[in-house]
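Heads up, input_25.txt below (compact mmCIF, C-alpha atoms):
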```txt
# COMPACT_ATOMS: atom_id res chain seq x y z
CA LEU A 1 -42.56 -66.31 32.11
CA LYS A 2 -39.63 -66.96 29.85
CA ALA A 3 -41.31 -65.09 27.05
CA VAL A 4 -41.95 -62.10 29.28
CA ALA A 5 -38.37 -62.17 30.48
CA VAL A 6 -37.04 -62.22 26.90
CA CYS A 7 -39.27 -59.36 25.86
CA HIS A 8 -38.29 -57.42 28.93
CA GLY A 9 -34.62 -57.96 28.05
CA ILE A 10 -35.21 -56.76 24.48
CA ASN A 11 -36.95 -53.62 25.79
CA VAL A 12 -34.05 -52.91 28.11
CA CYS A 13 -31.50 -53.35 25.28
CA SER A 14 -33.60 -51.22 22.97
CA THR A 15 -33.87 -48.49 25.59
CA ASN A 16 -30.10 -48.49 26.19
CA SER A 17 -29.41 -48.23 22.44
CA SER A 18 -31.81 -45.30 22.04
CA LEU A 19 -30.25 -43.56 25.03
CA ALA A 20 -26.77 -43.95 23.55
CA LYS A 21 -27.87 -42.52 20.22
CA THR A 22 -29.50 -39.56 21.95
CA VAL A 23 -26.32 -38.84 23.92
CA GLN A 24 -24.21 -39.04 20.75
CA MET A 25 -26.52 -36.63 18.91
CA LYS A 26 -26.39 -34.17 21.79
CA LEU A 27 -22.61 -34.37 21.92
CA ARG A 28 -22.38 -33.72 18.20
CA SER A 29 -24.73 -30.74 18.51
CA VAL A 30 -22.68 -29.30 21.37
CA LEU A 31 -19.47 -29.80 19.37
CA PHE A 32 -20.97 -28.14 16.27
CA LEU A 33 -22.26 -25.20 18.26
CA SER A 34 -18.90 -24.80 19.97
CA VAL A 35 -17.03 -24.72 16.66
CA PHE A 36 -19.59 -22.31 15.21
CA ALA A 37 -19.26 -20.04 18.25
CA VAL A 38 -15.47 -20.00 17.91
CA LEU A 39 -15.77 -19.03 14.24
CA VAL A 40 -18.24 -16.25 15.03
CA VAL A 41 -16.03 -14.86 17.79
CA SER A 42 -12.99 -15.04 15.51
CA VAL A 43 -14.77 -13.11 12.74
CA MET A 44 -16.01 -10.53 15.25
CA PHE A 45 -12.46 -10.17 16.57
CA VAL A 46 -11.04 -9.67 13.10
CA PHE A 47 -13.57 -6.98 12.19
CA HIS A 48 -13.17 -5.38 15.58
CA CYS A 49 -9.40 -5.25 15.02
CA TYR A 50 -10.00 -3.84 11.56
CA GLU A 51 -11.96 -0.95 12.99
CA ILE A 52 -9.38 -0.27 15.70
CA ASP A 53 -6.15 -0.80 13.81
CA ASP A 54 -5.76 -1.26 10.06
CA LYS A 55 -2.35 -2.85 10.60
CA VAL A 56 -3.91 -5.78 12.44
CA ILE A 57 -6.16 -6.71 9.52
CA GLY A 58 -3.29 -5.97 7.15
CA GLY A 59 -0.98 -8.34 8.95
CA PHE A 60 -3.52 -10.98 9.93
CA VAL A 61 -6.23 -11.43 7.32
CA LEU A 62 -5.15 -9.34 4.35
CA SER A 63 -1.71 -10.94 4.27
CA TYR A 64 -3.33 -14.37 4.26
CA PHE A 65 -5.54 -13.62 1.27
CA ARG A 66 -2.68 -11.92 -0.57
CA SER A 67 -0.59 -15.03 -0.04
CA LEU A 68 -3.15 -16.79 -2.23
CA GLU A 69 -2.62 -14.34 -5.12
CA THR A 70 -1.09 -15.63 -8.32
CA PRO A 71 2.13 -13.72 -9.10
CA LEU A 72 1.75 -11.98 -12.45
CA TYR A 73 5.12 -10.23 -12.74
CA LYS A 74 8.73 -10.94 -11.82
CA LEU A 75 11.81 -8.75 -11.65
CA ASP A 76 14.10 -8.55 -14.66
CA PRO A 77 17.45 -8.40 -12.83
CA GLY A 78 19.34 -7.67 -16.06
CA TRP A 79 17.67 -4.32 -16.65
CA PRO A 80 19.40 -1.97 -17.01
CA ARG A 81 22.73 -3.49 -17.96
CA PHE A 82 24.60 -0.86 -15.93
CA ALA A 83 22.81 0.92 -13.08
CA GLU A 84 25.53 3.54 -12.51
CA HIS A 85 23.93 5.77 -15.13
CA PHE A 86 21.24 6.69 -12.58
CA THR A 87 22.73 9.77 -10.96
CA GLY A 88 19.70 11.40 -9.33
CA GLN A 89 16.30 10.57 -7.87
CA SER A 90 14.13 8.77 -10.43
CA PHE A 91 10.70 10.40 -10.34
CA GLY A 92 9.05 9.29 -13.58
CA VAL A 93 9.39 6.89 -16.49
CA ALA A 94 7.84 6.68 -19.97
CA VAL A 95 8.08 3.85 -22.50
CA ASP A 96 8.08 4.26 -26.28
CA SER A 97 7.27 0.69 -27.21
CA SER A 98 7.27 1.44 -30.94
CA SER A 99 10.95 2.35 -30.81
CA GLY A 100 11.88 0.23 -27.79
CA LEU A 101 12.99 3.26 -25.75
CA VAL A 102 12.63 4.04 -22.05
CA TYR A 103 12.84 7.63 -20.79
CA VAL A 104 13.64 8.31 -17.14
CA ALA A 105 13.00 11.69 -15.49
CA GLN A 106 15.34 12.32 -12.58
CA ARG A 107 16.15 15.15 -10.16
CA GLY A 108 19.31 16.36 -8.54
CA ASP A 109 22.02 19.00 -8.74
CA ASP A 110 24.20 18.87 -11.83
CA VAL A 111 22.57 15.73 -13.20
CA PRO A 112 20.89 15.22 -16.59
CA LYS A 113 17.13 15.50 -16.12
CA VAL A 114 16.22 12.81 -18.67
CA LEU A 115 18.04 9.52 -19.32
CA VAL A 116 17.35 7.26 -22.30
CA PHE A 117 17.65 3.47 -22.25
CA SER A 118 16.61 0.71 -24.60
CA GLU A 119 14.03 -1.83 -23.49
CA ASN A 120 16.90 -4.32 -23.62
CA GLY A 121 18.66 -2.37 -20.89
CA PHE A 122 21.36 -0.50 -22.78
CA TYR A 123 22.09 3.12 -21.84
CA LEU A 124 21.68 5.31 -24.94
CA GLY A 125 22.33 8.80 -23.60
CA ALA A 126 20.85 11.80 -21.79
CA TRP A 127 19.14 15.01 -22.77
CA ASN A 128 21.32 18.08 -22.72
CA THR A 129 18.62 20.59 -21.75
CA THR A 130 18.53 23.45 -19.26
CA THR A 131 14.77 23.97 -19.55
CA LEU A 132 13.87 21.44 -16.86
CA GLU A 133 14.14 22.26 -13.15
CA MET A 134 12.32 19.58 -11.14
CA PRO A 135 10.65 17.00 -13.38
CA HIS A 136 7.80 15.10 -11.78
CA GLY A 137 5.73 13.13 -14.30
CA ILE A 138 6.76 12.10 -17.82
CA THR A 139 4.27 10.78 -20.38
CA LEU A 140 4.54 9.56 -23.96
CA ASP A 141 2.43 11.19 -26.70
CA ASN A 142 1.84 8.76 -29.58
CA ASN A 143 0.13 11.35 -31.78
CA THR A 144 3.42 12.43 -33.34
CA ILE A 145 6.00 10.48 -35.36
CA PRO A 146 8.28 9.78 -33.63
CA PRO A 147 6.34 10.05 -30.35
CA SER A 148 6.94 13.12 -28.20
CA LEU A 149 6.98 13.44 -24.42
CA TRP A 150 5.15 15.64 -21.92
CA ILE A 151 6.96 16.44 -18.68
CA THR A 152 5.54 18.28 -15.68
CA ASP A 153 7.94 20.65 -13.92
CA VAL A 154 7.28 21.48 -10.26
CA GLY A 155 10.30 23.75 -9.83
CA ASN A 156 10.02 27.27 -8.40
CA GLY A 157 12.47 28.90 -10.81
CA ASN A 158 12.06 30.45 -14.24
CA TYR A 159 10.89 27.21 -15.87
CA GLY A 160 8.71 25.79 -13.10
CA HIS A 161 4.95 25.31 -12.69
CA THR A 162 4.61 24.17 -16.29
CA VAL A 163 3.74 21.20 -18.49
CA LYS A 164 6.26 20.91 -21.32
CA LYS A 165 6.26 19.01 -24.59
CA TYR A 166 9.61 17.68 -25.85
CA SER A 167 10.71 15.87 -28.97
CA SER A 168 12.19 12.40 -28.56
CA SER A 169 15.66 13.95 -28.79
CA GLY A 170 15.00 16.45 -25.99
CA GLU A 171 14.14 19.59 -27.95
CA LEU A 172 11.58 21.80 -26.20
CA VAL A 173 8.51 22.04 -28.44
CA ARG A 174 5.81 23.66 -26.32
CA VAL A 175 5.13 25.05 -22.84
CA LEU A 176 1.73 25.00 -21.12
CA GLY A 177 1.25 27.31 -18.16
CA THR A 178 2.99 30.50 -17.13
CA ALA A 179 6.65 29.63 -16.67
CA GLY A 180 8.03 30.61 -13.29
CA ARG A 181 4.68 31.73 -11.89
CA ALA A 182 2.31 29.58 -9.87
CA GLY A 183 -1.41 30.23 -10.27
CA SER A 184 -4.91 28.91 -10.80
CA SER A 185 -6.04 30.87 -13.85
CA LEU A 186 -7.51 29.09 -16.85
CA ASN A 187 -6.96 32.09 -19.15
CA PRO A 188 -4.05 32.48 -19.30
CA LEU A 189 -3.42 28.92 -18.23
CA GLN A 190 -1.51 28.57 -14.95
CA PHE A 191 -0.45 25.65 -12.77
CA ASP A 192 1.00 25.17 -9.32
CA GLN A 193 3.22 22.08 -9.16
CA PRO A 194 1.43 20.03 -11.84
CA ALA A 195 1.93 16.34 -11.12
CA GLU A 196 1.30 14.53 -14.40
CA ALA A 197 -0.31 14.73 -17.83
CA PHE A 198 -1.86 12.17 -20.17
CA VAL A 199 -2.62 12.59 -23.88
CA ASP A 200 -5.35 10.54 -25.56
CA ASP A 201 -5.68 9.51 -29.20
CA ALA A 202 -7.68 12.65 -30.02
CA GLU A 203 -4.75 14.78 -28.73
CA ASP A 204 -6.79 15.99 -25.77
CA ILE A 205 -4.66 16.52 -22.66
CA TYR A 206 -5.58 15.51 -19.11
CA ILE A 207 -3.59 17.25 -16.38
CA VAL A 208 -3.59 16.66 -12.63
CA ASP A 209 -2.47 19.93 -11.09
CA GLY A 210 -1.40 20.14 -7.48
CA ASP A 211 1.47 18.09 -6.12
CA GLY A 212 1.20 19.99 -2.84
CA GLY A 213 0.55 23.46 -4.29
CA MET A 214 -2.52 25.70 -4.14
CA ASN A 215 -4.41 23.68 -6.75
CA ASN A 216 -6.16 20.33 -6.44
CA ARG A 217 -7.72 19.86 -9.84
CA LEU A 218 -8.15 17.74 -12.93
CA LEU A 219 -8.33 19.48 -16.29
CA LYS A 220 -9.17 18.27 -19.77
CA ILE A 221 -7.98 20.64 -22.48
CA THR A 222 -7.64 20.47 -26.24
CA SER A 223 -4.35 20.87 -28.10
CA ASP A 224 -5.53 24.47 -28.76
CA LEU A 225 -5.79 25.04 -24.98
CA GLU A 226 -9.58 25.10 -24.88
CA VAL A 227 -10.72 23.89 -21.46
CA LEU A 228 -13.34 21.18 -22.06
CA TRP A 229 -14.07 20.44 -18.40
CA THR A 230 -12.44 20.59 -15.01
CA HIS A 231 -12.85 19.47 -11.41
CA GLY A 232 -10.92 21.70 -9.09
CA GLU A 233 -12.04 21.82 -5.48
CA LYS A 234 -10.03 20.53 -2.53
CA GLY A 235 -11.89 18.11 -0.28
CA THR A 236 -12.96 14.54 0.35
CA GLN A 237 -16.29 14.48 -1.48
CA PRO A 238 -16.78 12.91 -4.92
CA ALA A 239 -14.91 14.84 -7.65
CA GLN A 240 -12.84 16.68 -5.02
CA PHE A 241 -9.12 16.07 -4.57
CA ASN A 242 -6.29 16.30 -2.12
CA ILE A 243 -3.08 16.03 -4.17
CA PRO A 244 -4.19 14.47 -7.47
CA HIS A 245 -0.98 12.70 -8.42
CA SER A 246 -1.42 10.60 -11.57
CA VAL A 247 -3.92 10.27 -14.43
CA THR A 248 -4.70 7.86 -17.27
CA VAL A 249 -7.56 7.06 -19.67
CA ASP A 250 -8.85 3.59 -20.54
CA SER A 251 -10.59 2.20 -23.64
CA TYR A 252 -14.05 2.72 -22.10
CA ASN A 253 -13.76 6.54 -21.98
CA ARG A 254 -12.95 6.53 -18.28
CA VAL A 255 -10.41 8.84 -16.68
CA TRP A 256 -8.66 7.39 -13.61
CA VAL A 257 -6.99 9.69 -11.08
CA ALA A 258 -4.77 8.75 -8.15
CA ASP A 259 -6.16 11.02 -5.42
CA ARG A 260 -3.12 10.61 -3.22
CA LYS A 261 -3.82 12.25 0.12
CA ASN A 262 -7.43 11.04 0.11
CA LYS A 263 -6.12 7.47 -0.35
CA ARG A 264 -8.39 6.66 -3.24
CA ILE A 265 -8.66 6.42 -7.02
CA GLN A 266 -11.48 8.33 -8.68
CA ALA A 267 -13.03 7.65 -12.08
CA PHE A 268 -14.69 10.11 -14.48
CA ASN A 269 -16.33 10.03 -17.89
CA SER A 270 -13.69 11.34 -20.28
CA VAL A 271 -16.26 13.01 -22.55
CA THR A 272 -18.52 14.76 -20.04
CA GLY A 273 -16.35 14.83 -16.91
CA GLU A 274 -19.12 13.11 -14.94
CA TRP A 275 -17.96 11.42 -11.74
CA LEU A 276 -18.37 7.64 -12.03
CA GLY A 277 -17.10 6.29 -8.72
CA SER A 278 -14.04 5.78 -6.55
CA TRP A 279 -11.90 3.07 -4.96
CA SER A 280 -10.58 3.28 -1.43
CA ASN A 281 -10.82 -0.25 -0.04
CA CYS A 282 -7.43 -1.26 -1.49
CA PHE A 283 -5.55 1.64 0.06
CA LYS A 284 -5.88 1.20 3.82
CA ASP A 285 -2.11 0.77 4.22
CA ASP A 286 -0.91 3.49 1.84
CA ALA A 287 -2.07 5.92 -0.81
CA PRO A 288 -2.05 5.30 -4.58
CA TYR A 289 0.71 7.22 -6.35
CA SER A 290 0.32 6.03 -9.94
CA VAL A 291 -2.34 4.86 -12.40
CA ARG A 292 -1.25 3.06 -15.56
CA LEU A 293 -2.91 0.31 -17.58
CA THR A 294 -1.42 -2.86 -19.00
CA ALA A 295 -1.38 -3.36 -22.75
CA ASP A 296 -4.54 -5.48 -22.71
CA LYS A 297 -6.27 -2.93 -20.41
CA LYS A 298 -7.16 -5.70 -17.96
CA TYR A 299 -5.03 -4.43 -15.09
CA MET A 300 -4.11 -1.15 -13.46
CA ILE A 301 -0.62 -0.68 -12.03
CA VAL A 302 -0.56 1.35 -8.82
CA ALA A 303 2.56 2.34 -6.88
CA GLN A 304 2.43 2.76 -3.10
CA LEU A 305 5.49 4.78 -2.13
CA ASN A 306 5.50 4.62 1.66
CA ILE A 307 5.25 0.84 1.92
CA SER A 308 7.34 0.13 -1.22
CA GLN A 309 4.68 -1.90 -2.97
CA ILE A 310 3.10 -2.24 -6.41
CA LEU A 311 -0.56 -3.25 -6.65
CA ILE A 312 -1.96 -4.86 -9.78
CA LEU A 313 -5.69 -4.15 -9.78
CA THR A 314 -8.38 -5.67 -11.96
CA VAL A 315 -9.97 -3.08 -14.27
CA PRO A 316 -13.76 -3.43 -14.27
CA PRO A 317 -15.61 -3.71 -17.58
CA VAL A 318 -17.81 -0.89 -18.76
CA GLY A 319 -20.54 -0.20 -16.22
CA VAL A 320 -20.47 0.15 -12.46
CA ILE A 321 -17.03 0.99 -11.02
CA GLY A 322 -17.65 -1.02 -7.83
CA ASP A 323 -14.81 -1.78 -5.40
CA CYS A 324 -11.23 -2.37 -6.40
CA HIS A 325 -9.87 -5.92 -6.49
CA ILE A 326 -6.22 -6.86 -6.10
CA ALA A 327 -5.09 -9.38 -8.70
CA SER A 328 -1.47 -9.48 -7.59
CA THR A 329 1.15 -7.62 -5.55
CA ILE A 330 4.81 -6.83 -6.10
CA ARG A 331 6.63 -6.24 -2.82
CA LEU A 332 9.81 -4.24 -3.10
CA ALA A 333 12.66 -3.83 -0.65
CA GLU A 334 12.19 -1.34 2.18
CA GLU A 335 12.84 2.32 1.39
CA VAL A 336 12.75 1.73 -2.37
CA LYS A 337 9.82 4.19 -2.56
CA PRO A 338 8.18 3.58 -5.97
CA HIS A 339 6.77 6.84 -7.32
CA LEU A 340 5.39 6.64 -10.87
CA VAL A 341 5.25 3.79 -13.40
CA ASP A 342 4.73 3.06 -17.07
CA VAL A 343 3.96 -0.06 -19.11
CA SER A 344 5.32 -1.17 -22.47
CA LEU A 345 2.43 -1.62 -24.89
CA LYS A 346 4.47 -4.18 -26.84
CA THR A 347 5.95 -6.41 -24.13
CA ASP A 348 3.61 -5.50 -21.22
CA ALA A 349 6.68 -4.97 -19.02
CA ILE A 350 6.25 -2.63 -16.04
CA TYR A 351 8.87 0.05 -15.39
CA VAL A 352 8.94 1.53 -11.89
CA ALA A 353 10.63 4.86 -11.05
CA GLU A 354 11.96 4.63 -7.50
CA ILE A 355 12.84 7.73 -5.50
CA GLY A 356 14.42 5.93 -2.56
CA ALA A 357 16.54 3.50 -4.57
CA GLN A 358 17.31 6.19 -7.19
CA GLN A 359 16.73 3.85 -10.09
CA VAL A 360 14.15 2.32 -12.41
CA GLN A 361 13.35 -1.38 -12.21
CA LYS A 362 11.71 -3.54 -14.87
CA PHE A 363 9.19 -6.28 -14.16
CA VAL A 364 8.13 -8.76 -16.83
CA SER A 365 5.04 -10.93 -17.09
CA TYR A 366 5.28 -14.58 -16.09
CA SER A 367 3.27 -15.47 -19.18
```

Any chance you could give the structure as structure tokens?
Amino acid sequence: LKAVAVCHGINVCSTNSSLAKTVQMKLRSVLFLSVFAVLVVSVMFVFHCYEIDDKVIGGFVLSYFRSLETPLYKLDPGWPRFAEHFTGQSFGVAVDSSSGLVYVAQRGDDVPKVLVFSENGFYLGAWNTTTLEMPHGITLDNNTIPPSLWITDVGNGNYGHTVKKYSSSGELVRVLGTAGRAGSSLNPLQFDQPAEAFVDDAEDIYIVDGDGGMNNRLLKITSDLEVLWTHGEKGTQPAQFNIPHSVTVDSYNRVWVADRKNKRIQAFNSVTGEWLGSWSNCFKDDAPYSVRLTADKKYMIVAQLNISQILILTVPPVGVIGDCHIASTIRLAEEVKPHLVDVSLKTDAIYVAEIGAQQVQKFVSYS
């Protein structure tokens, strides 16, 4: 009887232990499922908010991930040495890294249209020219010694609707387009508020034509004005534009265009003009206004005027364009309104022309 009683006690203890373990396992399962359900609901909420209001995702999730970005650039507060030389709205900037010069295109009544600074921040002078009405984009051309500059003029007067080539001292060298007359003709060549030009090493010229005018096109022409290829239809489909605003060419024969009103960047083969892809996922909050590459061609610098922000995007290697990826962000003060940018090929410094602040700021690499 004692033996039976002992065994019976063991069975009871064993049963109680098994029951406790079963209860613990069930509690853990319930807890795991509860946590999993909360995560699923949270993700569904985030994506639901994303579809309803971009600002929710921008302020909730996107800001969190951007807080994890590694800052790549910082402001150089000592550039320029004296900011009072900016007397108009700064629309464009071009850097001659071989000579250490920075050219600033500005607008306004009775103000010099181009200012010249050193990369060290010293004011060197201004161009005394009457051939510029409303400069928009300014681009360096390294095919001449010393380098020359191309400036787009969106004015409506006798010098407007043109793309002009100037010497480094401000002497007018050449005019593309029919001065004072807006149009879409390719022969003779006409523009309507051309936004920006870019010149490659072969002296071919890429022009985005249509900062709000009748044209929405990208042209590639030779120095002899032969049109090699063009995309020129307004719309939202691939290779169509709605205010093409900035253009550059990378080392993989890709042309990048800031398609402003469509809130995207499009890429093309520089030789054939073939459409390669587009980026729009980085521009939910605001449109891209500029496209410029860093000296090592690893990053693209994109200004966003309406939210006063500079995006530093990773440039994909040769192959599929894919989606854009933000490597870092420079947040500017409100109402600064960055418009166009340029990068020093020697120091990798970024220069930002700011319409709202009426100045140019310099940002230098942390490295």

Show which residues sit within 8 Å of stretch 222-239 of chain A, as number ranges by chain. Count all atoms listed in the file, and ignore same-chain residues fewer than 3 positions away. A: 186, 203-205, 215-219, 242, 262, 266, 272-273, 275, 277-278

Please save C-alpha atoms of the selected residues as a JSON list (two decimals), keeping the file's coordinate frame.
```json
[["chain", "number", "residue", "atom", "x", "y", "z"],
["A", 186, "LEU", "CA", -7.51, 29.09, -16.85],
["A", 203, "GLU", "CA", -4.75, 14.78, -28.73],
["A", 204, "ASP", "CA", -6.79, 15.99, -25.77],
["A", 205, "ILE", "CA", -4.66, 16.52, -22.66],
["A", 215, "ASN", "CA", -4.41, 23.68, -6.75],
["A", 216, "ASN", "CA", -6.16, 20.33, -6.44],
["A", 217, "ARG", "CA", -7.72, 19.86, -9.84],
["A", 218, "LEU", "CA", -8.15, 17.74, -12.93],
["A", 219, "LEU", "CA", -8.33, 19.48, -16.29],
["A", 242, "ASN", "CA", -6.29, 16.30, -2.12],
["A", 262, "ASN", "CA", -7.43, 11.04, 0.11],
["A", 266, "GLN", "CA", -11.48, 8.33, -8.68],
["A", 272, "THR", "CA", -18.52, 14.76, -20.04],
["A", 273, "GLY", "CA", -16.35, 14.83, -16.91],
["A", 275, "TRP", "CA", -17.96, 11.42, -11.74],
["A", 277, "GLY", "CA", -17.10, 6.29, -8.72],
["A", 278, "SER", "CA", -14.04, 5.78, -6.55]]
```

Which residues, written as a short mmCIF file (atom, residue, chain, number, x, y, z; two decimals) with C-alpha atoms, keeping the file's coordinate frame, have at least one atom at most 9 Å from A:Leu124, with only C-alpha atoms counted and residues fewer than 4 positions away on the same chain left out?
```
data_model
loop_
_atom_site.label_atom_id
_atom_site.label_comp_id
_atom_site.auth_asym_id
_atom_site.auth_seq_id
_atom_site.Cartn_x
_atom_site.Cartn_y
_atom_site.Cartn_z
CA LEU A 101 12.99 3.26 -25.75
CA LEU A 115 18.04 9.52 -19.32
CA VAL A 116 17.35 7.26 -22.30
CA PHE A 117 17.65 3.47 -22.25
CA SER A 118 16.61 0.71 -24.60
#
```

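Shortest separation to A:Glu196 among A:Val341, A:Lys362, A:Ser328, A:Arg181 occurs at residue A:Val341, atoms counted being only C-alpha atoms.
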
Please write as number ranges by chain the list of polymer residues whose atoms come within 10 Å of (5.2, 24.1, -11.1), counting only C-alpha atoms and keeping to the coordinates of the file. A: 133-136, 152-163, 177-183, 190-195, 209-211, 213

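The closest residue to A:Thr144, picked from A:Val208, A:Thr129, A:Leu313, A:Asp201 and counting all atoms listed in the file, is A:Asp201.
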
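Minimum distance to A:Ser184 across A:Leu345, A:Val302, A:Arg107, A:Met214 (counting all atoms listed in the file) occurs at A:Met214.
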
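The closest residue to A:Ser246, picked from A:Gly356, A:Pro71, A:Gly137, A:Pro146 and counting all atoms listed in the file, is A:Gly137.
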
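One finds atom CA of A:Leu189 at 19.1 Å from atom CA of A:His245.
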
Length of the atom CA of A:Thr70 to atom CA of A:Ala327 vector [Å]: 7.4 Å

List the neighbours of A:His325 out to 9 Å using all atoms listed in the file; skip same-chain residues closer than 3 positions along the sequence, and give me the result as a short mmCIF file (atom, residue, chain, number, x, y, z; two decimals) with C-alpha atoms, in the frame of the given file.
```
data_model
loop_
_atom_site.label_atom_id
_atom_site.label_comp_id
_atom_site.auth_asym_id
_atom_site.auth_seq_id
_atom_site.Cartn_x
_atom_site.Cartn_y
_atom_site.Cartn_z
CA ASN A 281 -10.82 -0.25 -0.04
CA CYS A 282 -7.43 -1.26 -1.49
CA ILE A 312 -1.96 -4.86 -9.78
CA LEU A 313 -5.69 -4.15 -9.78
CA THR A 314 -8.38 -5.67 -11.96
CA VAL A 315 -9.97 -3.08 -14.27
#
```

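Atom CA of A:Leu340 sits 10.6 Å away from atom CA of A:Val247.
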
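In this comparison, which uses only C-alpha atoms, the residue of A:Ala295, A:His85, A:Gly92, A:Thr130 approaching A:Pro338 most closely is A:Gly92.
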
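Nearest to A:Tyr289 of all the residues A:Phe198, A:Ile243, A:Asp250, A:Leu276 is A:Ile243, based on all atoms listed in the file.
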
Spatial neighbours of A:Lys346, 9 Å, all atoms listed in the file, chain gap at least 5 places, as a PDB file with C-alpha atoms, in the coordinates of the input:
```pdb
ATOM      1  CA  SER A  97       7.270   0.690 -27.210  1.00  0.00           C
ATOM      2  CA  SER A  98       7.270   1.440 -30.940  1.00  0.00           C
ATOM      3  CA  GLY A 100      11.880   0.230 -27.790  1.00  0.00           C
ATOM      4  CA  ALA A 295      -1.380  -3.360 -22.750  1.00  0.00           C
TER       5      ALA A 295
END
```

Polymer residues at most 6 Å from A:Ile301, only C-alpha atoms, same-chain spacing of 4 or more positions, as a PDB file with C-alpha atoms, in the coordinates of the input:
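Ended up saving to part.pdb:
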```pdb
ATOM      1  CA  VAL A 291      -2.340   4.860 -12.400  1.00  0.00           C
ATOM      2  CA  ARG A 292      -1.250   3.060 -15.560  1.00  0.00           C
ATOM      3  CA  LEU A 311      -0.560  -3.250  -6.650  1.00  0.00           C
ATOM      4  CA  ILE A 312      -1.960  -4.860  -9.780  1.00  0.00           C
TER       5      ILE A 312
END
```
